[in-house]
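A.B. asks: The structure file query-v5.cif (mmCIF, C-alpha atoms and all ligand atoms) is provided below.
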data_final
#
loop_
_atom_site.group_PDB
_atom_site.id
_atom_site.type_symbol
_atom_site.label_atom_id
_atom_site.label_comp_id
_atom_site.auth_asym_id
_atom_site.auth_seq_id
_atom_site.Cartn_x
_atom_site.Cartn_y
_atom_site.Cartn_z
ATOM 1 C CA MET A 278 188.315 53.345 71.691
ATOM 2 C CA ALA A 279 185.848 51.368 69.655
ATOM 3 C CA VAL A 280 186.526 47.795 70.576
ATOM 4 C CA ILE A 281 187.999 45.593 73.276
ATOM 5 C CA VAL A 282 189.162 42.168 72.180
ATOM 6 C CA PHE A 283 190.195 39.252 74.401
ATOM 7 C CA ASP A 284 192.240 36.845 72.320
ATOM 8 C CA GLN A 285 192.712 33.414 73.926
ATOM 9 C CA VAL A 286 193.321 34.956 77.331
ATOM 10 C CA CYS A 287 194.616 32.624 80.036
ATOM 11 C CA PHE A 288 195.358 33.797 83.541
ATOM 12 C CA THR A 289 196.932 31.920 86.425
ATOM 13 C CA TYR A 290 197.008 33.282 89.981
ATOM 14 C CA SER A 291 200.162 32.527 91.999
ATOM 15 C CA PRO A 292 201.764 30.179 89.463
ATOM 16 C CA LYS A 293 203.903 27.358 90.842
ATOM 17 C CA SER A 294 202.847 28.098 94.428
ATOM 18 C CA PRO A 295 200.408 26.238 96.709
ATOM 19 C CA PHE A 296 197.852 28.970 95.775
ATOM 20 C CA HIS A 297 198.141 28.222 92.039
ATOM 21 C CA SER A 298 194.774 28.733 90.311
ATOM 22 C CA ASP A 299 194.068 28.637 86.579
ATOM 23 C CA ALA A 300 191.300 31.246 86.621
ATOM 24 C CA LEU A 301 190.989 31.945 82.868
ATOM 25 C CA LYS A 302 191.503 29.197 80.310
ATOM 26 C CA GLY A 303 191.292 30.743 76.849
ATOM 27 C CA VAL A 304 188.787 33.594 76.958
ATOM 28 C CA ASP A 305 187.695 35.007 73.595
ATOM 29 C CA LEU A 306 185.444 38.008 74.001
ATOM 30 C CA SER A 307 184.931 41.253 72.176
ATOM 31 C CA PHE A 308 182.699 44.224 72.647
ATOM 32 C CA SER A 309 182.445 47.875 71.762
ATOM 33 C CA SER A 310 182.285 50.932 73.963
ATOM 34 C CA THR A 311 178.623 51.334 72.984
ATOM 35 C CA ASP A 312 177.717 48.013 74.637
ATOM 36 C CA PHE A 313 175.754 47.374 77.778
ATOM 37 C CA LEU A 314 177.223 43.984 78.593
ATOM 38 C CA ALA A 315 176.456 41.746 81.567
ATOM 39 C CA LEU A 316 178.907 39.062 82.666
ATOM 40 C CA VAL A 317 177.151 36.236 84.480
ATOM 41 C CA GLY A 318 178.332 32.917 85.875
ATOM 42 C CA HIS A 319 178.606 30.983 89.109
ATOM 43 C CA THR A 320 180.946 32.065 91.911
ATOM 44 C CA GLY A 321 184.552 31.357 90.997
ATOM 45 C CA SER A 322 183.852 31.118 87.250
ATOM 46 C CA GLY A 323 186.291 33.968 86.494
ATOM 47 C CA LYS A 324 184.142 37.098 86.133
ATOM 48 C CA SER A 325 186.188 39.366 88.382
ATOM 49 C CA THR A 326 189.399 38.100 86.824
ATOM 50 C CA ILE A 327 188.059 38.998 83.367
ATOM 51 C CA ILE A 328 187.115 42.534 84.312
ATOM 52 C CA GLU A 329 190.435 43.176 86.038
ATOM 53 C CA HIS A 330 192.003 42.544 82.633
ATOM 54 C CA LEU A 331 189.937 45.369 81.117
ATOM 55 C CA ASN A 332 192.213 48.071 82.462
ATOM 56 C CA ALA A 333 195.355 45.940 82.670
ATOM 57 C CA LEU A 334 195.215 45.595 86.436
ATOM 58 C CA LEU A 335 195.858 41.949 85.605
ATOM 59 C CA VAL A 336 197.924 41.021 82.555
ATOM 60 C CA PRO A 337 197.213 37.749 80.700
ATOM 61 C CA THR A 338 199.545 34.867 81.499
ATOM 62 C CA SER A 339 199.162 33.989 77.830
ATOM 63 C CA GLY A 340 197.061 35.432 75.012
ATOM 64 C CA GLU A 341 196.379 39.173 74.890
ATOM 65 C CA VAL A 342 193.781 41.846 75.483
ATOM 66 C CA ARG A 343 193.574 44.700 72.961
ATOM 67 C CA ILE A 344 191.881 47.736 74.433
ATOM 68 C CA GLY A 345 191.646 50.320 71.689
ATOM 69 C CA GLU A 346 195.280 50.839 70.740
ATOM 70 C CA TYR A 347 196.593 49.446 73.993
ATOM 71 C CA ILE A 348 197.906 45.869 74.069
ATOM 72 C CA SER A 349 198.016 44.000 77.380
ATOM 73 C CA SER A 350 200.255 40.951 77.112
ATOM 74 C CA SER A 351 202.972 39.195 79.075
ATOM 75 C CA ASN A 352 204.977 39.251 75.838
ATOM 76 C CA LYS A 353 207.220 42.294 76.374
ATOM 77 C CA LYS A 354 207.575 42.881 72.629
ATOM 78 C CA ARG A 355 203.810 43.130 72.167
ATOM 79 C CA ARG A 356 202.932 45.021 75.337
ATOM 80 C CA SER A 357 202.132 48.748 75.154
ATOM 81 C CA LYS A 358 204.191 51.059 77.331
ATOM 82 C CA LYS A 359 201.842 53.773 78.532
ATOM 83 C CA LEU A 360 199.077 52.829 80.935
ATOM 84 C CA GLY A 361 197.776 56.349 81.585
ATOM 85 C CA TYR A 362 195.609 56.559 78.473
ATOM 86 C CA LEU A 363 194.018 53.207 79.183
ATOM 87 C CA ARG A 364 193.322 53.911 82.854
ATOM 88 C CA ARG A 365 191.518 57.114 81.862
ATOM 89 C CA LYS A 366 189.375 55.428 79.233
ATOM 90 C CA VAL A 367 188.405 52.347 81.236
ATOM 91 C CA GLY A 368 187.026 53.036 84.704
ATOM 92 C CA LEU A 369 186.875 50.063 87.061
ATOM 93 C CA VAL A 370 184.542 50.053 90.070
ATOM 94 C CA PHE A 371 185.373 47.158 92.392
ATOM 95 C CA GLN A 372 182.937 45.120 94.395
ATOM 96 C CA PHE A 373 182.317 46.822 97.770
ATOM 97 C CA SER A 374 183.911 49.977 96.354
ATOM 98 C CA GLU A 375 182.224 51.895 99.189
ATOM 99 C CA ASN A 376 185.002 50.641 101.464
ATOM 100 C CA GLN A 377 187.701 52.276 99.354
ATOM 101 C CA LEU A 378 186.951 55.940 99.993
ATOM 102 C CA PHE A 379 189.857 57.411 101.891
ATOM 103 C CA GLU A 380 189.892 61.224 101.770
ATOM 104 C CA ASP A 381 188.426 63.224 104.658
ATOM 105 C CA THR A 382 185.661 64.823 102.581
ATOM 106 C CA LEU A 383 183.433 63.535 99.804
ATOM 107 C CA ILE A 384 184.455 66.225 97.322
ATOM 108 C CA LYS A 385 188.190 65.536 97.861
ATOM 109 C CA ASP A 386 187.620 61.842 97.314
ATOM 110 C CA VAL A 387 185.902 62.396 93.971
ATOM 111 C CA MET A 388 188.538 64.968 92.923
ATOM 112 C CA PHE A 389 191.328 62.453 93.554
ATOM 113 C CA GLY A 390 191.140 60.760 90.123
ATOM 114 C CA PRO A 391 191.202 63.942 88.009
ATOM 115 C CA ARG A 392 193.985 65.384 90.225
ATOM 116 C CA ASN A 393 195.942 62.174 89.843
ATOM 117 C CA PHE A 394 195.714 62.558 86.051
ATOM 118 C CA GLY A 395 197.129 66.068 86.318
ATOM 119 C CA ASP A 396 194.072 68.349 86.453
ATOM 120 C CA SER A 397 194.315 71.645 88.361
ATOM 121 C CA PRO A 398 192.283 71.817 91.601
ATOM 122 C CA GLU A 399 189.724 74.028 89.802
ATOM 123 C CA ALA A 400 189.312 71.657 86.833
ATOM 124 C CA ALA A 401 189.158 68.624 89.147
ATOM 125 C CA HIS A 402 186.518 70.365 91.281
ATOM 126 C CA LEU A 403 184.346 71.024 88.225
ATOM 127 C CA LYS A 404 184.568 67.385 87.147
ATOM 128 C CA ALA A 405 183.810 66.152 90.667
ATOM 129 C CA VAL A 406 180.736 68.390 90.928
ATOM 130 C CA GLU A 407 179.472 67.096 87.585
ATOM 131 C CA ALA A 408 180.051 63.441 88.545
ATOM 132 C CA LEU A 409 178.419 63.871 91.955
ATOM 133 C CA GLY A 410 175.412 65.467 90.249
ATOM 134 C CA GLU A 411 175.179 62.521 87.899
ATOM 135 C CA VAL A 412 175.116 59.951 90.719
ATOM 136 C CA GLY A 413 172.621 62.067 92.651
ATOM 137 C CA LEU A 414 174.710 63.229 95.642
ATOM 138 C CA PRO A 415 173.733 66.827 96.526
ATOM 139 C CA GLU A 416 175.982 69.769 97.328
ATOM 140 C CA GLU A 417 175.314 69.713 101.073
ATOM 141 C CA TYR A 418 177.192 66.383 101.196
ATOM 142 C CA TYR A 419 180.410 67.668 99.613
ATOM 143 C CA GLU A 420 182.219 68.596 102.821
ATOM 144 C CA ARG A 421 181.025 65.575 104.782
ATOM 145 C CA SER A 422 183.307 62.716 105.685
ATOM 146 C CA PRO A 423 182.607 59.605 103.573
ATOM 147 C CA PHE A 424 181.966 57.850 106.901
ATOM 148 C CA GLU A 425 178.898 60.037 107.475
ATOM 149 C CA LEU A 426 177.255 58.664 104.329
ATOM 150 C CA SER A 427 175.116 55.536 104.097
ATOM 151 C CA GLY A 428 176.530 52.433 102.389
ATOM 152 C CA GLY A 429 174.517 53.137 99.224
ATOM 153 C CA GLU A 430 175.656 56.779 99.170
ATOM 154 C CA ARG A 431 179.284 55.720 99.625
ATOM 155 C CA ARG A 432 178.951 53.310 96.707
ATOM 156 C CA ARG A 433 177.600 56.186 94.587
ATOM 157 C CA ALA A 434 180.513 58.316 95.738
ATOM 158 C CA ALA A 435 182.973 55.630 94.595
ATOM 159 C CA ILE A 436 181.236 55.500 91.207
ATOM 160 C CA ALA A 437 181.418 59.314 90.979
ATOM 161 C CA GLY A 438 185.167 59.074 91.624
ATOM 162 C CA VAL A 439 185.555 56.871 88.553
ATOM 163 C CA LEU A 440 183.123 58.903 86.409
ATOM 164 C CA ALA A 441 184.998 62.123 87.222
ATOM 165 C CA VAL A 442 187.928 60.876 85.135
ATOM 166 C CA GLY A 443 185.628 60.652 82.097
ATOM 167 C CA PRO A 444 185.895 56.963 81.092
ATOM 168 C CA LYS A 445 184.555 55.709 77.762
ATOM 169 C CA LEU A 446 183.837 52.389 79.410
ATOM 170 C CA LEU A 447 182.536 51.952 82.956
ATOM 171 C CA VAL A 448 183.207 48.495 84.403
ATOM 172 C CA LEU A 449 181.376 47.473 87.579
ATOM 173 C CA ASP A 450 181.805 44.340 89.684
ATOM 174 C CA GLU A 451 178.476 43.401 91.317
ATOM 175 C CA PRO A 452 177.383 47.021 91.857
ATOM 176 C CA THR A 453 173.929 46.097 93.185
ATOM 177 C CA SER A 454 175.026 43.423 95.670
ATOM 178 C CA GLY A 455 173.707 44.113 99.148
ATOM 179 C CA LEU A 456 171.246 46.793 97.968
ATOM 180 C CA ASP A 457 167.507 46.369 98.500
ATOM 181 C CA PRO A 458 165.382 45.992 95.322
ATOM 182 C CA GLU A 459 164.559 49.711 95.227
ATOM 183 C CA GLY A 460 168.228 50.677 95.696
ATOM 184 C CA ALA A 461 169.275 48.176 93.042
ATOM 185 C CA ARG A 462 166.783 49.616 90.579
ATOM 186 C CA GLU A 463 167.965 53.173 91.242
ATOM 187 C CA MET A 464 171.565 52.048 90.750
ATOM 188 C CA MET A 465 170.711 50.314 87.457
ATOM 189 C CA ASP A 466 168.729 53.358 86.264
ATOM 190 C CA LEU A 467 171.878 55.398 86.903
ATOM 191 C CA PHE A 468 173.927 53.074 84.653
ATOM 192 C CA LYS A 469 171.194 53.217 82.010
ATOM 193 C CA LYS A 470 171.437 57.020 82.021
ATOM 194 C CA ILE A 471 175.241 56.894 81.824
ATOM 195 C CA HIS A 472 174.987 54.450 78.917
ATOM 196 C CA GLU A 473 172.484 56.655 77.085
ATOM 197 C CA ARG A 474 174.843 59.594 77.198
ATOM 198 C CA GLY A 475 177.492 57.515 75.435
ATOM 199 C CA THR A 476 179.535 55.506 77.947
ATOM 200 C CA GLY A 477 179.866 51.741 77.542
ATOM 201 C CA ILE A 478 178.856 49.625 80.540
ATOM 202 C CA VAL A 479 180.268 46.247 81.540
ATOM 203 C CA LEU A 480 178.755 44.794 84.644
ATOM 204 C CA VAL A 481 179.044 41.621 86.687
ATOM 205 C CA THR A 482 175.795 40.598 88.327
ATOM 206 C CA HIS A 483 174.037 37.601 89.866
ATOM 207 C CA ASP A 484 170.605 39.108 89.234
ATOM 208 C CA MET A 485 169.121 37.748 86.027
ATOM 209 C CA ASP A 486 166.113 40.101 86.246
ATOM 210 C CA ILE A 487 168.571 42.994 86.086
ATOM 211 C CA VAL A 488 170.274 41.431 83.069
ATOM 212 C CA LEU A 489 166.979 41.045 81.223
ATOM 213 C CA GLY A 490 165.806 44.528 82.183
ATOM 214 C CA TYR A 491 168.972 46.469 81.324
ATOM 215 C CA ALA A 492 171.714 44.624 79.439
ATOM 216 C CA LYS A 493 171.902 44.544 75.648
ATOM 217 C CA LYS A 494 174.328 41.642 75.577
ATOM 218 C CA VAL A 495 175.223 38.824 77.980
ATOM 219 C CA ALA A 496 178.319 36.668 78.267
ATOM 220 C CA VAL A 497 178.061 33.496 80.353
ATOM 221 C CA VAL A 498 181.339 32.656 82.104
ATOM 222 C CA ASP A 499 181.918 29.053 83.103
ATOM 223 C CA ASN A 500 185.090 27.507 84.475
ATOM 224 C CA GLY A 501 187.366 30.226 83.097
ATOM 225 C CA LYS A 502 185.840 30.313 79.625
ATOM 226 C CA ILE A 503 183.019 32.083 77.809
ATOM 227 C CA ALA A 504 180.302 29.454 77.474
ATOM 228 C CA MET A 505 177.822 31.573 75.540
ATOM 229 C CA THR A 506 177.151 35.126 74.358
ATOM 230 C CA GLY A 507 174.029 36.724 72.940
ATOM 231 C CA THR A 508 171.166 39.055 73.724
ATOM 232 C CA PRO A 509 169.450 38.398 77.066
ATOM 233 C CA ALA A 510 166.473 36.855 75.210
ATOM 234 C CA GLU A 511 168.795 34.492 73.300
ATOM 235 C CA VAL A 512 170.810 33.432 76.330
ATOM 236 C CA PHE A 513 167.850 32.993 78.697
ATOM 237 C CA SER A 514 165.947 30.823 76.243
ATOM 238 C CA LYS A 515 168.729 28.214 76.635
ATOM 239 C CA ASP A 516 169.134 25.742 79.477
ATOM 240 C CA LEU A 517 171.382 27.552 81.965
ATOM 241 C CA LYS A 518 171.388 24.918 84.734
ATOM 242 C CA PRO A 519 174.766 23.488 83.619
ATOM 243 C CA TYR A 520 176.244 26.930 84.351
ATOM 244 C CA GLY A 521 174.566 27.214 87.755
ATOM 245 C CA LEU A 522 172.275 30.035 86.617
ATOM 246 C CA GLU A 523 168.562 30.643 87.058
ATOM 247 C CA LYS A 524 166.390 32.265 84.419
ATOM 248 C CA PRO A 525 164.822 35.682 85.093
ATOM 249 C CA LEU A 526 161.542 35.518 87.030
ATOM 250 C CA VAL A 527 159.378 36.312 83.997
ATOM 251 C CA TYR A 528 160.972 33.466 81.985
ATOM 252 C CA GLN A 529 160.532 31.053 84.915
ATOM 253 C CA THR A 530 156.867 32.068 85.039
ATOM 254 C CA ILE A 531 156.475 31.475 81.298
ATOM 255 C CA ASP A 532 158.012 28.000 81.761
ATOM 256 C CA ILE A 533 155.452 27.199 84.475
ATOM 257 C CA LEU A 534 152.544 28.491 82.365
ATOM 258 C CA ASN A 535 153.752 26.464 79.384
ATOM 259 C CA ALA A 536 153.900 23.342 81.575
ATOM 260 C CA HIS A 537 150.191 23.989 82.197
ATOM 261 C CA GLY A 538 149.148 24.121 78.552
ATOM 262 C CA TYR A 539 150.218 27.579 77.392
ATOM 263 C CA SER A 540 152.744 27.958 74.591
ATOM 264 C CA LEU A 541 154.049 31.449 75.311
ATOM 265 C CA SER A 542 157.296 32.597 73.760
ATOM 266 C CA TYR A 543 159.949 34.486 75.724
ATOM 267 C CA GLN A 544 158.847 37.846 74.376
ATOM 268 C CA TYR A 545 157.914 39.470 77.693
ATOM 269 C CA GLU A 546 160.499 41.435 79.620
ATOM 270 C CA ASN A 547 158.617 41.730 82.890
ATOM 271 C CA LEU A 548 155.724 40.198 84.804
ATOM 272 C CA ASP A 549 153.469 43.214 84.119
ATOM 273 C CA ASP A 550 153.622 42.690 80.363
ATOM 274 C CA LEU A 551 153.099 38.957 80.783
ATOM 275 C CA ALA A 552 150.084 39.498 83.067
ATOM 276 C CA LYS A 553 148.538 41.948 80.583
ATOM 277 C CA ALA A 554 148.966 39.479 77.718
ATOM 278 C CA ILE A 555 147.317 36.699 79.710
ATOM 279 C CA LYS A 556 144.468 38.998 80.726
ATOM 280 C CA GLU A 557 143.886 39.722 77.040
ATOM 281 C CA GLY A 558 143.486 35.968 76.588
ATOM 282 C CA LYS A 559 146.815 35.284 74.850
ATOM 283 C CA LYS A 560 147.936 31.670 75.138
ATOM 284 C CA GLN A 561 150.885 31.879 72.743
HETATM 285 N N1 LIG B 1 193.951 36.360 94.432
HETATM 286 C C1 LIG B 1 193.714 35.089 94.075
HETATM 287 N N2 LIG B 1 194.623 34.097 94.300
HETATM 288 C C2 LIG B 1 194.377 32.814 93.930
HETATM 289 N N3 LIG B 1 193.261 32.426 93.298
HETATM 290 C C3 LIG B 1 192.313 33.352 93.049
HETATM 291 C C4 LIG B 1 192.493 34.739 93.412
HETATM 292 N N4 LIG B 1 191.378 35.427 93.045
HETATM 293 C C5 LIG B 1 190.571 34.526 92.457
HETATM 294 N N5 LIG B 1 191.130 33.286 92.465
HETATM 295 C C6 LIG B 1 190.534 32.055 91.883
HETATM 296 O O1 LIG B 1 190.325 32.268 90.493
HETATM 297 C C7 LIG B 1 189.073 31.732 90.083
HETATM 298 C C8 LIG B 1 188.196 32.822 89.490
HETATM 299 O O2 LIG B 1 187.903 33.768 90.502
HETATM 300 P P1 LIG B 1 187.051 35.094 90.239
HETATM 301 O O3 LIG B 1 187.507 35.738 88.979
HETATM 302 O O4 LIG B 1 187.122 35.893 91.482
HETATM 303 O O5 LIG B 1 185.582 34.494 90.014
HETATM 304 P P2 LIG B 1 184.152 35.203 90.095
HETATM 305 O O6 LIG B 1 184.352 36.679 90.100
HETATM 306 O O7 LIG B 1 183.407 34.699 88.901
HETATM 307 O O8 LIG B 1 183.516 34.704 91.379
HETATM 308 C C9 LIG B 1 188.470 31.057 91.321
HETATM 309 O O9 LIG B 1 188.810 29.687 91.289
HETATM 310 C C10 LIG B 1 189.172 31.759 92.462
HETATM 311 O O10 LIG B 1 189.262 30.906 93.601
HETATM 312 MG MG MG B 2 183.816 38.103 91.528
#
Would you encode the structure as structure tokens?
C.D. replies:
Amino acid sequence: MAVIVFDQVCFTYSPKSPFHSDALKGVDLSFSSTDFLALVGHTGSGKSTIIEHLNALLVPTSGEVRIGEYISSSNKKRRSKKLGYLRRKVGLVFQFSENQLFEDTLIKDVMFGPRNFGDSPEAAHLKAVEALGEVGLPEEYYERSPFELSGGERRRAAIAGVLAVGPKLLVLDEPTSGLDPEGAREMMDLFKKIHERGTGIVLVTHDMDIVLGYAKKVAVVDNGKIAMTGTPAEVFSKDLKPYGLEKPLVYQTIDILNAHGYSLSYQYENLDDLAKAIKEGKKQ
């Protein structure tokens, strides 16, 4: 599965009802399974609706999404028949996924996905152990009830449940929301590790510092469309106020310094690097 392509995707919730909402209005977007892509945009811009199209949980009202060989379309002649392949390759982790654990032990919860795709209990157990190791949940937790884990641990457990199926693309809706800065960094370092071993990452986030620190590509969603795509440095050098977005802290700091006579470019990825440059006397 090399590429995912959104081709003029429109999506309407509850058409012709009082709850009618045109959430996507012609989304064109493409990326490969080697990407580390962040979707950003104000609340209600359509981010969650976009990612729920990535594994055909939602099907476009018009336009189509091509996910590898799979075609998701409301046109019955175009639409692919078998969902199984797609659901294995694209793993979706919902916002507040920690509330979706349901088995009575952690290990059973993580084994659920592989079992559901037909693995034997032994094979599913092996995959669950590997996934739990990857997210950093130790063996002494395996027989505990998910309710005995902390919120952060439960979120890791939910991610392990998706990883255990072996997706080529891991899609996460606001995975750091509600975590403290340390917890958020640990979570992002986990995704960085998963990306480095060859899994694509697509992530919705409100934290622009996270985008600058981790993502390789950003897509700005605005009013059901893609307003802009590029590297974090490209996107954050533009005026993002019309899209209701702040710049990362280091770029905001550069803006303030430049207003006071500096002419620094946006080449620094964090405040440490910026501080060092200024200490060395750099003004540009
Ligand atoms: N289940 C739903 N029924 C009706 N409208 C919805 C539903 N979910 C989302 N919407 C609407 O679709 C638009 C996009 O929502 P969403 O994709 O959740 O945005 P985001 O994730 O960027 O906050 C919003 O206007 C929202 O109110
Ligand atoms: Mg959302």
A.B. asks: Convert the output of the PyMOL selection byres (((chain A and resi 348-362) around 10) and not hetatm) on the shown file into explicit residues, formatted as a ChimeraX atom specification.
C.D. replies: /A:281-283,286,330-347,363-367,394
A.B. asks: On this structure, which residues satisfy the PyMOL selection byres (((chain A and resi 383) around 9) and not hetatm), written as a list in words?
C.D. replies: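 Taken on the displayed file, the PyMOL selection byres (((chain A and resi 383) around 9) and not hetatm) yields the residues Leu378, Glu380, Asp381, Thr382, Ile384, Lys385, Asp386, Val387, Met388, Tyr418, Tyr419, Glu420, Arg421, Ser422, Pro423, Arg431 and Ala434 of chain A.
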A.B. asks: Ligand MG 2 (chain B): which residues are within 12 Å, counting all atoms listed in the file, as a list in words?
C.D. replies: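 These are the residues that qualify: Ala300, Leu316, Val317, Gly318, His319, Thr320, Gly321, Ser322, Gly323, Lys324, Ser325, Thr326, Ile327, Ile328, Glu329, Phe371, Gln372, Phe373, Leu449, Asp450, Glu451, Pro452, Ser454, Leu480, Val481, Thr482, His483 and Val498 of chain A.
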A.B. asks: What is the distance, in Å and to one decimal place, between CA of Lys469 (chain A) and CA of Pro415 (chain A)?
C.D. replies: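 Rounded to one decimal, the two atoms are 20.1 Å apart.
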A.B. asks: Applied to the shown file, which residues does the PyMOL selection byres (((chain A and resi 547) around 10) and not hetatm) return, written as number ranges by chain?
C.D. replies: A: 486, 489-490, 525-528, 544-546, 548-552
A.B. asks: Within 12 Å of Gly438 (chain A), counting all atoms listed in the file, which residues show up once you throw out same-chain ones fewer than 6 positions away? Write them as a JSON list (two decimals) with C-alpha atoms, keeping the file's coordinate frame, please.
C.D. replies:
[["chain", "number", "residue", "atom", "x", "y", "z"],
["A", 365, "ARG", "CA", 191.52, 57.11, 81.86],
["A", 368, "GLY", "CA", 187.03, 53.04, 84.70],
["A", 369, "LEU", "CA", 186.88, 50.06, 87.06],
["A", 370, "VAL", "CA", 184.54, 50.05, 90.07],
["A", 371, "PHE", "CA", 185.37, 47.16, 92.39],
["A", 374, "SER", "CA", 183.91, 49.98, 96.35],
["A", 375, "GLU", "CA", 182.22, 51.90, 99.19],
["A", 377, "GLN", "CA", 187.70, 52.28, 99.35],
["A", 378, "LEU", "CA", 186.95, 55.94, 99.99],
["A", 379, "PHE", "CA", 189.86, 57.41, 101.89],
["A", 380, "GLU", "CA", 189.89, 61.22, 101.77],
["A", 383, "LEU", "CA", 183.43, 63.54, 99.80],
["A", 384, "ILE", "CA", 184.46, 66.22, 97.32],
["A", 385, "LYS", "CA", 188.19, 65.54, 97.86],
["A", 386, "ASP", "CA", 187.62, 61.84, 97.31],
["A", 387, "VAL", "CA", 185.90, 62.40, 93.97],
["A", 388, "MET", "CA", 188.54, 64.97, 92.92],
["A", 389, "PHE", "CA", 191.33, 62.45, 93.55],
["A", 390, "GLY", "CA", 191.14, 60.76, 90.12],
["A", 391, "PRO", "CA", 191.20, 63.94, 88.01],
["A", 392, "ARG", "CA", 193.98, 65.38, 90.22],
["A", 393, "ASN", "CA", 195.94, 62.17, 89.84],
["A", 401, "ALA", "CA", 189.16, 68.62, 89.15],
["A", 402, "HIS", "CA", 186.52, 70.36, 91.28],
["A", 404, "LYS", "CA", 184.57, 67.39, 87.15],
["A", 405, "ALA", "CA", 183.81, 66.15, 90.67],
["A", 406, "VAL", "CA", 180.74, 68.39, 90.93],
["A", 407, "GLU", "CA", 179.47, 67.10, 87.58],
["A", 408, "ALA", "CA", 180.05, 63.44, 88.54],
["A", 409, "LEU", "CA", 178.42, 63.87, 91.96],
["A", 410, "GLY", "CA", 175.41, 65.47, 90.25],
["A", 411, "GLU", "CA", 175.18, 62.52, 87.90],
["A", 412, "VAL", "CA", 175.12, 59.95, 90.72],
["A", 414, "LEU", "CA", 174.71, 63.23, 95.64],
["A", 431, "ARG", "CA", 179.28, 55.72, 99.62],
["A", 432, "ARG", "CA", 178.95, 53.31, 96.71],
["A", 444, "PRO", "CA", 185.90, 56.96, 81.09],
["A", 447, "LEU", "CA", 182.54, 51.95, 82.96]]
